[in-house]
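Raw coords-v9.pdb, PDB, N, CA and C atoms:
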MODEL        1
ATOM      1  N   MET A 126     122.988  62.307 125.769
ATOM      2  CA  MET A 126     123.088  61.686 127.082
ATOM      3  C   MET A 126     123.646  60.284 126.940
ATOM      4  N   GLY A 127     124.410  59.868 127.933
ATOM      5  CA  GLY A 127     125.011  58.546 127.937
ATOM      6  C   GLY A 127     124.011  57.464 128.298
ATOM      7  N   ARG A 128     124.430  56.240 128.104
ATOM      8  CA  ARG A 128     123.606  55.090 128.436
ATOM      9  C   ARG A 128     123.298  55.067 129.928
ATOM     10  N   GLY A 129     122.062  54.750 130.310
ATOM     11  CA  GLY A 129     121.702  54.644 131.708
ATOM     12  C   GLY A 129     121.413  55.981 132.366
ATOM     13  N   GLN A 130     121.258  57.045 131.569
ATOM     14  CA  GLN A 130     120.973  58.354 132.133
ATOM     15  C   GLN A 130     119.592  58.814 131.693
ATOM     16  N   LYS A 131     118.936  59.578 132.549
ATOM     17  CA  LYS A 131     117.634  60.132 132.249
ATOM     18  C   LYS A 131     117.711  61.630 132.452
ATOM     19  N   SER A 132     116.909  62.368 131.718
ATOM     20  CA  SER A 132     116.850  63.802 131.901
ATOM     21  C   SER A 132     115.529  64.126 132.592
ATOM     22  N   LEU A 133     115.599  64.839 133.698
ATOM     23  CA  LEU A 133     114.422  65.229 134.461
ATOM     24  C   LEU A 133     114.488  66.716 134.750
ATOM     25  N   LEU A 134     113.333  67.311 135.008
ATOM     26  CA  LEU A 134     113.308  68.685 135.472
ATOM     27  C   LEU A 134     113.416  68.663 136.977
ATOM     28  N   ASN A 135     114.305  69.477 137.537
ATOM     29  CA  ASN A 135     114.423  69.525 138.986
ATOM     30  C   ASN A 135     113.406  70.499 139.557
ATOM     31  N   PHE A 136     113.454  70.709 140.842
ATOM     32  CA  PHE A 136     112.494  71.551 141.554
ATOM     33  C   PHE A 136     112.451  72.966 140.995
ATOM     34  N   HIS A 137     113.587  73.449 140.488
ATOM     35  CA  HIS A 137     113.677  74.813 139.985
ATOM     36  C   HIS A 137     113.377  74.903 138.489
ATOM     37  N   GLY A 138     112.900  73.827 137.894
ATOM     38  CA  GLY A 138     112.548  73.830 136.481
ATOM     39  C   GLY A 138     113.726  73.692 135.537
ATOM     40  N   LYS A 139     114.908  73.399 136.052
ATOM     41  CA  LYS A 139     116.095  73.225 135.218
ATOM     42  C   LYS A 139     116.297  71.748 134.927
ATOM     43  N   LYS A 140     116.801  71.461 133.720
ATOM     44  CA  LYS A 140     117.077  70.072 133.356
ATOM     45  C   LYS A 140     118.298  69.573 134.100
ATOM     46  N   GLN A 141     118.228  68.343 134.561
ATOM     47  CA  GLN A 141     119.393  67.725 135.172
ATOM     48  C   GLN A 141     119.451  66.280 134.726
ATOM     49  N   VAL A 142     120.657  65.730 134.710
ATOM     50  CA  VAL A 142     120.862  64.342 134.312
ATOM     51  C   VAL A 142     120.830  63.486 135.569
ATOM     52  N   VAL A 143     120.027  62.424 135.536
ATOM     53  CA  VAL A 143     119.923  61.501 136.656
ATOM     54  C   VAL A 143     120.494  60.168 136.197
ATOM     55  N   ARG A 144     121.469  59.679 136.938
ATOM     56  CA  ARG A 144     122.072  58.383 136.607
ATOM     57  C   ARG A 144     121.325  57.290 137.361
ATOM     58  N   ASP A 145     121.133  56.176 136.694
ATOM     59  CA  ASP A 145     120.477  55.046 137.338
ATOM     60  C   ASP A 145     121.356  54.501 138.452
ATOM     61  N   ILE A 146     120.735  54.187 139.562
ATOM     62  CA  ILE A 146     121.426  53.587 140.700
ATOM     63  C   ILE A 146     120.902  52.169 140.823
ATOM     64  N   PRO A 147     121.792  51.179 140.860
ATOM     65  CA  PRO A 147     121.341  49.785 140.947
ATOM     66  C   PRO A 147     120.483  49.540 142.184
ATOM     67  N   LYS A 148     119.561  48.608 142.055
ATOM     68  CA  LYS A 148     118.718  48.218 143.184
ATOM     69  C   LYS A 148     119.608  47.747 144.336
ATOM     70  N   GLY A 149     119.271  48.171 145.545
ATOM     71  CA  GLY A 149     120.050  47.783 146.714
ATOM     72  C   GLY A 149     121.227  48.699 146.989
ATOM     73  N   CYS A 150     121.323  49.797 146.243
ATOM     74  CA  CYS A 150     122.427  50.745 146.411
ATOM     75  C   CYS A 150     121.879  52.149 146.634
ATOM     76  N   LEU A 151     122.751  53.032 147.113
ATOM     77  CA  LEU A 151     122.369  54.405 147.399
ATOM     78  C   LEU A 151     123.540  55.319 147.050
ATOM     79  N   ALA A 152     123.247  56.512 146.556
ATOM     80  CA  ALA A 152     124.289  57.492 146.244
ATOM     81  C   ALA A 152     124.585  58.344 147.475
ATOM     82  N   ILE A 153     125.860  58.590 147.720
ATOM     83  CA  ILE A 153     126.291  59.498 148.776
ATOM     84  C   ILE A 153     127.390  60.388 148.201
ATOM     85  N   LYS A 154     127.690  61.490 148.891
ATOM     86  CA  LYS A 154     128.836  62.324 148.538
ATOM     87  C   LYS A 154     129.821  62.238 149.691
ATOM     88  N   VAL A 155     131.103  62.224 149.344
ATOM     89  CA  VAL A 155     132.164  62.133 150.341
ATOM     90  C   VAL A 155     133.135  63.278 150.095
ATOM     91  N   GLY A 156     133.530  63.953 151.173
ATOM     92  CA  GLY A 156     134.492  65.036 151.066
ATOM     93  C   GLY A 156     133.905  66.336 151.568
ATOM     94  N   GLN A 157     134.682  67.384 151.396
ATOM     95  CA  GLN A 157     134.258  68.699 151.851
ATOM     96  C   GLN A 157     134.514  69.713 150.749
ATOM     97  N   GLY A 158     133.612  70.667 150.616
ATOM     98  CA  GLY A 158     133.773  71.738 149.633
ATOM     99  C   GLY A 158     133.871  71.224 148.216
ATOM    100  N   GLU A 159     134.889  71.724 147.505
ATOM    101  CA  GLU A 159     135.080  71.383 146.093
ATOM    102  C   GLU A 159     135.623  69.968 145.895
ATOM    103  N   GLU A 160     136.103  69.348 146.951
ATOM    104  CA  GLU A 160     136.755  68.043 146.856
ATOM    105  C   GLU A 160     135.798  66.867 147.027
ATOM    106  N   GLN A 161     134.513  67.073 146.797
ATOM    107  CA  GLN A 161     133.547  65.988 146.979
ATOM    108  C   GLN A 161     133.527  65.036 145.800
ATOM    109  N   GLN A 162     133.314  63.763 146.120
ATOM    110  CA  GLN A 162     133.098  62.741 145.098
ATOM    111  C   GLN A 162     131.804  62.025 145.423
ATOM    112  N   ARG A 163     131.151  61.566 144.395
ATOM    113  CA  ARG A 163     129.900  60.826 144.541
ATOM    114  C   ARG A 163     130.221  59.337 144.478
ATOM    115  N   PHE A 164     129.644  58.581 145.394
ATOM    116  CA  PHE A 164     129.828  57.128 145.444
ATOM    117  C   PHE A 164     128.465  56.451 145.447
ATOM    118  N   ILE A 165     128.408  55.308 144.812
ATOM    119  CA  ILE A 165     127.234  54.443 144.863
ATOM    120  C   ILE A 165     127.637  53.263 145.734
ATOM    121  N   ILE A 166     126.941  53.100 146.864
ATOM    122  CA  ILE A 166     127.314  52.051 147.821
ATOM    123  C   ILE A 166     126.117  51.152 148.113
ATOM    124  N   PRO A 167     126.370  49.911 148.505
ATOM    125  CA  PRO A 167     125.273  49.015 148.890
ATOM    126  C   PRO A 167     124.605  49.519 150.174
ATOM    127  N   VAL A 168     123.296  49.384 150.265
ATOM    128  CA  VAL A 168     122.589  49.820 151.472
ATOM    129  C   VAL A 168     123.027  49.019 152.694
ATOM    130  N   MET A 169     123.585  47.825 152.499
ATOM    131  CA  MET A 169     124.048  47.025 153.640
ATOM    132  C   MET A 169     125.166  47.733 154.403
ATOM    133  N   TYR A 170     125.840  48.693 153.776
ATOM    134  CA  TYR A 170     126.861  49.481 154.461
ATOM    135  C   TYR A 170     126.279  50.210 155.669
ATOM    136  N   PHE A 171     125.036  50.649 155.558
ATOM    137  CA  PHE A 171     124.426  51.478 156.599
ATOM    138  C   PHE A 171     124.295  50.748 157.932
ATOM    139  N   ASN A 172     124.384  49.441 157.927
ATOM    140  CA  ASN A 172     124.327  48.657 159.168
ATOM    141  C   ASN A 172     125.710  48.337 159.733
ATOM    142  N   HIS A 173     126.754  48.690 159.006
ATOM    143  CA  HIS A 173     128.108  48.351 159.450
ATOM    144  C   HIS A 173     128.605  49.397 160.449
ATOM    145  N   PRO A 174     129.227  48.957 161.568
ATOM    146  CA  PRO A 174     129.699  49.897 162.601
ATOM    147  C   PRO A 174     130.657  50.978 162.087
ATOM    148  N   LEU A 175     131.543  50.645 161.144
ATOM    149  CA  LEU A 175     132.463  51.651 160.612
ATOM    150  C   LEU A 175     131.712  52.729 159.829
ATOM    151  N   PHE A 176     130.740  52.301 159.039
ATOM    152  CA  PHE A 176     129.965  53.274 158.270
ATOM    153  C   PHE A 176     129.079  54.101 159.201
ATOM    154  N   MET A 177     128.584  53.480 160.258
ATOM    155  CA  MET A 177     127.788  54.220 161.244
ATOM    156  C   MET A 177     128.605  55.338 161.875
ATOM    157  N   GLN A 178     129.902  55.106 162.077
ATOM    158  CA  GLN A 178     130.777  56.157 162.612
ATOM    159  C   GLN A 178     130.883  57.321 161.618
ATOM    160  N   LEU A 179     130.958  57.005 160.320
ATOM    161  CA  LEU A 179     130.993  58.062 159.311
ATOM    162  C   LEU A 179     129.683  58.844 159.300
ATOM    163  N   LEU A 180     128.569  58.140 159.455
ATOM    164  CA  LEU A 180     127.263  58.806 159.519
ATOM    165  C   LEU A 180     127.151  59.696 160.756
ATOM    166  N   LYS A 181     127.738  59.248 161.860
ATOM    167  CA  LYS A 181     127.757  60.046 163.086
ATOM    168  C   LYS A 181     128.513  61.354 162.839
ATOM    169  N   GLY A 182     129.626  61.275 162.102
ATOM    170  CA  GLY A 182     130.375  62.473 161.736
ATOM    171  C   GLY A 182     129.539  63.421 160.889
ATOM    172  N   ALA A 183     128.741  62.860 159.968
ATOM    173  CA  ALA A 183     127.851  63.685 159.143
ATOM    174  C   ALA A 183     126.786  64.354 160.006
ATOM    175  N   GLU A 184     126.258  63.609 160.972
ATOM    176  CA  GLU A 184     125.259  64.170 161.887
ATOM    177  C   GLU A 184     125.854  65.321 162.695
ATOM    178  N   GLU A 185     127.088  65.131 163.194
ATOM    179  CA  GLU A 185     127.738  66.175 163.985
ATOM    180  C   GLU A 185     128.046  67.410 163.138
ATOM    181  N   GLU A 186     128.413  67.188 161.880
ATOM    182  CA  GLU A 186     128.765  68.296 160.985
ATOM    183  C   GLU A 186     127.530  69.042 160.476
ATOM    184  N   TYR A 187     126.496  68.297 160.056
ATOM    185  CA  TYR A 187     125.353  68.900 159.375
ATOM    186  C   TYR A 187     124.041  68.785 160.139
ATOM    187  N   GLY A 188     124.008  67.987 161.205
ATOM    188  CA  GLY A 188     122.746  67.749 161.908
ATOM    189  C   GLY A 188     121.823  66.905 161.055
ATOM    190  N   PHE A 189     120.561  66.928 161.384
ATOM    191  CA  PHE A 189     119.581  66.163 160.608
ATOM    192  C   PHE A 189     118.906  67.039 159.569
ATOM    193  N   GLU A 190     119.431  68.234 159.362
ATOM    194  CA  GLU A 190     118.830  69.181 158.428
ATOM    195  C   GLU A 190     119.358  69.026 157.007
ATOM    196  N   GLN A 191     120.215  68.047 156.772
ATOM    197  CA  GLN A 191     120.781  67.820 155.446
ATOM    198  C   GLN A 191     119.666  67.528 154.454
ATOM    199  N   LYS A 192     119.679  68.210 153.340
ATOM    200  CA  LYS A 192     118.687  67.974 152.291
ATOM    201  C   LYS A 192     119.389  67.318 151.109
ATOM    202  N   GLY A 193     118.707  66.398 150.468
ATOM    203  CA  GLY A 193     119.288  65.747 149.292
ATOM    204  C   GLY A 193     120.234  64.620 149.657
ATOM    205  N   THR A 194     121.286  64.500 148.873
ATOM    206  CA  THR A 194     122.261  63.421 149.025
ATOM    207  C   THR A 194     122.987  63.523 150.365
ATOM    208  N   ILE A 195     123.177  62.394 151.029
ATOM    209  CA  ILE A 195     123.944  62.355 152.281
ATOM    210  C   ILE A 195     125.395  62.709 151.968
ATOM    211  N   ILE A 196     125.961  63.613 152.764
ATOM    212  CA  ILE A 196     127.356  64.007 152.597
ATOM    213  C   ILE A 196     128.147  63.504 153.799
ATOM    214  N   ILE A 197     129.187  62.731 153.522
ATOM    215  CA  ILE A 197     130.083  62.230 154.567
ATOM    216  C   ILE A 197     131.290  63.177 154.590
ATOM    217  N   PRO A 198     131.481  63.929 155.695
ATOM    218  CA  PRO A 198     132.526  64.955 155.736
ATOM    219  C   PRO A 198     133.906  64.418 156.133
ATOM    220  N   CYS A 199     134.448  63.530 155.341
ATOM    221  CA  CYS A 199     135.807  63.054 155.597
ATOM    222  C   CYS A 199     136.561  63.094 154.268
ATOM    223  N   HIS A 200     137.861  62.926 154.313
ATOM    224  CA  HIS A 200     138.651  62.900 153.083
ATOM    225  C   HIS A 200     138.281  61.666 152.268
ATOM    226  N   VAL A 201     138.295  61.811 150.964
ATOM    227  CA  VAL A 201     137.944  60.709 150.067
ATOM    228  C   VAL A 201     138.846  59.512 150.312
ATOM    229  N   GLU A 202     140.136  59.749 150.553
ATOM    230  CA  GLU A 202     141.075  58.642 150.792
ATOM    231  C   GLU A 202     140.681  57.871 152.059
ATOM    232  N   GLU A 203     140.265  58.592 153.092
ATOM    233  CA  GLU A 203     139.818  57.953 154.336
ATOM    234  C   GLU A 203     138.580  57.101 154.076
ATOM    235  N   PHE A 204     137.639  57.639 153.292
ATOM    236  CA  PHE A 204     136.436  56.874 152.974
ATOM    237  C   PHE A 204     136.793  55.615 152.184
ATOM    238  N   ARG A 205     137.676  55.757 151.210
ATOM    239  CA  ARG A 205     138.070  54.581 150.411
ATOM    240  C   ARG A 205     138.714  53.506 151.297
ATOM    241  N   TYR A 206     139.484  53.925 152.293
ATOM    242  CA  TYR A 206     140.094  52.981 153.227
ATOM    243  C   TYR A 206     139.010  52.243 154.015
ATOM    244  N   VAL A 207     138.054  52.999 154.563
ATOM    245  CA  VAL A 207     136.950  52.389 155.314
ATOM    246  C   VAL A 207     136.124  51.499 154.391
ATOM    247  N   GLN A 208     135.893  51.956 153.172
ATOM    248  CA  GLN A 208     135.145  51.176 152.194
ATOM    249  C   GLN A 208     135.840  49.840 151.934
ATOM    250  N   GLY A 209     137.170  49.864 151.817
ATOM    251  CA  GLY A 209     137.936  48.636 151.600
ATOM    252  C   GLY A 209     137.813  47.677 152.771
ATOM    253  N   LEU A 210     137.866  48.218 154.002
ATOM    254  CA  LEU A 210     137.705  47.374 155.196
ATOM    255  C   LEU A 210     136.331  46.714 155.221
ATOM    256  N   ILE A 211     135.301  47.515 154.953
ATOM    257  CA  ILE A 211     133.932  46.984 154.957
ATOM    258  C   ILE A 211     133.771  45.959 153.843
ATOM    259  N   ASP A 212     134.280  46.285 152.673
ATOM    260  CA  ASP A 212     134.159  45.379 151.526
ATOM    261  C   ASP A 212     134.828  44.044 151.801
ATOM    262  N   ARG A 213     136.053  44.091 152.364
ATOM    263  CA  ARG A 213     136.751  42.832 152.689
ATOM    264  C   ARG A 213     135.962  42.017 153.708
ATOM    265  N   GLU A 214     135.458  42.682 154.723
ATOM    266  CA  GLU A 214     134.693  41.974 155.753
ATOM    267  C   GLU A 214     133.424  41.357 155.171
ATOM    268  N   LEU A 215     132.717  42.122 154.339
ATOM    269  CA  LEU A 215     131.494  41.593 153.731
ATOM    270  C   LEU A 215     131.803  40.463 152.755
ATOM    271  N   SER A 216     132.914  40.596 152.014
ATOM    272  CA  SER A 216     133.293  39.541 151.076
ATOM    273  C   SER A 216     133.619  38.241 151.813
ATOM    274  N   LEU A 217     134.370  38.351 152.921
ATOM    275  CA  LEU A 217     134.672  37.158 153.717
ATOM    276  C   LEU A 217     133.404  36.536 154.270
ATOM    277  N   HIS A 218     132.517  37.378 154.751
ATOM    278  CA  HIS A 218     131.241  36.891 155.293
ATOM    279  C   HIS A 218     130.437  36.188 154.203
ATOM    280  N   HIS A 219     130.390  36.796 153.005
ATOM    281  CA  HIS A 219     129.615  36.213 151.908
ATOM    282  C   HIS A 219     130.262  34.941 151.383
ATOM    283  N   GLN A 220     131.588  34.883 151.358
ATOM    284  CA  GLN A 220     132.259  33.660 150.912
ATOM    285  C   GLN A 220     131.929  32.505 151.845
ATOM    286  N   ASN A 221     131.842  32.805 153.122
ATOM    287  CA  ASN A 221     131.508  31.777 154.099
ATOM    288  C   ASN A 221     130.072  31.300 153.971
ATOM    289  N   HIS A 222     129.226  32.122 153.375
ATOM    290  CA  HIS A 222     127.818  31.759 153.211
ATOM    291  C   HIS A 222     127.450  31.538 151.745
ATOM    292  N   HIS A 223     128.463  31.419 150.876
ATOM    293  CA  HIS A 223     128.280  31.143 149.449
ATOM    294  C   HIS A 223     127.388  32.171 148.768
ATOM    295  N   LEU A 224     127.536  33.427 149.143
ATOM    296  CA  LEU A 224     126.799  34.497 148.486
ATOM    297  C   LEU A 224     127.775  35.339 147.672
ATOM    298  N   HIS A 225     127.265  36.125 146.775
ATOM    299  CA  HIS A 225     128.107  36.983 145.948
ATOM    300  C   HIS A 225     127.900  38.431 146.355
ATOM    301  N   HIS A 226     128.972  39.204 146.299
ATOM    302  CA  HIS A 226     128.941  40.608 146.694
ATOM    303  C   HIS A 226     128.337  41.466 145.581
ATOM    304  N   ILE A 227     127.531  42.440 145.962
ATOM    305  CA  ILE A 227     126.918  43.357 145.009
ATOM    306  C   ILE A 227     127.992  44.300 144.483
ATOM    307  N   GLY A 228     128.121  44.408 143.188
ATOM    308  CA  GLY A 228     129.148  45.268 142.597
ATOM    309  C   GLY A 228     128.612  46.621 142.181
ATOM    310  N   CYS A 229     128.230  47.440 143.132
ATOM    311  CA  CYS A 229     127.692  48.754 142.755
ATOM    312  C   CYS A 229     128.565  49.877 143.278
ATOM    313  N   PHE A 230     129.890  49.652 143.346
ATOM    314  CA  PHE A 230     130.787  50.690 143.832
ATOM    315  C   PHE A 230     131.278  51.515 142.650
ATOM    316  N   ARG A 231     130.937  52.783 142.680
ATOM    317  CA  ARG A 231     131.451  53.707 141.678
ATOM    318  C   ARG A 231     131.683  55.038 142.369
ATOM    319  N   GLY A 232     132.691  55.728 141.974
ATOM    320  CA  GLY A 232     132.952  57.055 142.515
ATOM    321  C   GLY A 232     133.360  57.983 141.394
ATOM    322  N   TRP A 233     132.914  59.214 141.444
ATOM    323  CA  TRP A 233     133.345  60.198 140.476
ATOM    324  C   TRP A 233     133.245  61.574 141.106
ATOM    325  N   SER A 234     133.983  62.521 140.563
ATOM    326  CA  SER A 234     134.010  63.860 141.133
ATOM    327  C   SER A 234     132.679  64.549 140.930
ATOM    328  N   VAL A 235     132.320  65.380 141.889
ATOM    329  CA  VAL A 235     131.097  66.164 141.802
ATOM    330  C   VAL A 235     131.496  67.581 141.433
ATOM    331  N   HIS A 236     130.970  68.071 140.360
ATOM    332  CA  HIS A 236     131.262  69.437 139.934
ATOM    333  C   HIS A 236     129.999  70.266 140.109
ATOM    334  N   ASN A 237     130.036  71.231 141.007
ATOM    335  CA  ASN A 237     128.865  72.078 141.275
ATOM    336  C   ASN A 237     128.869  73.298 140.405
TER     337      ASN A 237
ENDMDL
END

As structure tokens:
Amino acid sequence: MGRGQKSLLNFHGKKQVVRDIPKGCLAIKVGQGEEQQRFIIPVMYFNHPLFMQLLKGAEEEYGFEQKGTIIIPCHVEEFRYVQGLIDRELSLHHQNHHLHHIGCFRGWSVHN
């Protein structure tokens, strides 16, 4: 196992690798079907109007019955564009208040 990974037994008794998620961040999946990628995003995203629109799309697609990781049903490129807009806005806001942006953005393909 790589650095920062833990091995746990899941609900079905099978071993799975769990990656550490930095404090203040949350894992989500973006995409549809086989084209999903996993992203680690700051929880402050959840209060941003653009991200709320993406969550609304997830609610319309899956309802509140989604189990496990939140899945945002849009193209990865679209999410990256929205992520860039939010990141720029938060960076400008933080620069004005002399704060530093949390660097917990990572994305990788999800293989089921």

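The strand (DSSP E) portion of stretch 149-216 of chain A consists of A:Cys150, A:Leu151, A:Ala152, A:Ile153, A:Lys154, A:Val155, A:Gln162, A:Arg163, A:Phe164, A:Ile165, A:Ile166, A:Pro167, A:Ile195, A:Ile196, A:Ile197, with states taken from DSSP on the backbone.
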
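Nearest to A:Phe164 of all the residues A:Ile211, A:Leu217, A:Ala183, A:Ile195 is A:Ile195, counting only C-alpha atoms.
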
### Task
Quick one: apply the PyMOL selection byres (((chain A and resi 201 and name CA) around 8) and name CA) to the file and drop the selected residues here as a PyMOL selection string.
chain A and resi 155-156+161-162+199-200+202-205

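You will find atom CA of A:Gln208 at 14.4 Å from atom C of A:Cys150.
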
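Proximity of A:Leu180, A:Glu185, A:Pro167, A:Gln191 to A:Asp212, computed with only C-alpha atoms, is greatest for A:Pro167.
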
#### Entry: For A:Pro147, the nearest of the candidates A:Ile196, A:Gly209, A:Tyr187, A:Ile165, counting only N, CA and C atoms
A:Ile165

Test item: axis-aligned box, all listed atoms of stretch 174-182 of chain A, 4 Å on each side, centre and edges in Å rounded to one decimal, as AutoDock Vina command-line options:
--center_x 129.8 --center_y 56.2 --center_z 160.7 --size_x 13.3 --size_y 22.5 --size_z 12.8

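Of the listed residues (A:Tyr206, A:Gly149, A:Glu186, A:Lys181), A:Gly149 comes nearest to A:Met169; the distances count all atoms listed in the file.
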
### Query
What does the distance from atom C of A:Pro174 to atom C of A:Val207 come to in Å, to one decimal?
9.5 Å

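Note that the spacing between atom CA of A:Phe189 and atom CA of A:Tyr170 amounts to 19.2 Å.
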
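Each of A:Gly182, A:Gly193, A:His173, A:Pro198 was compared to A:Gly158 using only C-alpha atoms, and A:Pro198 turns out to be the nearest.
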
### Message
For a quick check of your reading of the model, name the residues lying within 6 Å of the coordinate (126.1, 55.4, 142.1), counting all atoms listed in the file, and write them as a VMD selection string.
### Response
chain A and resid 146 151 to 152 164 to 166 231

#### Entry: DSSP-assigned helix (DSSP H, G or I) members of stretch 153-213 of chain A, reported as an NGL selection string
:A and (158-160 or 168-172 or 174-187 or 201-213)
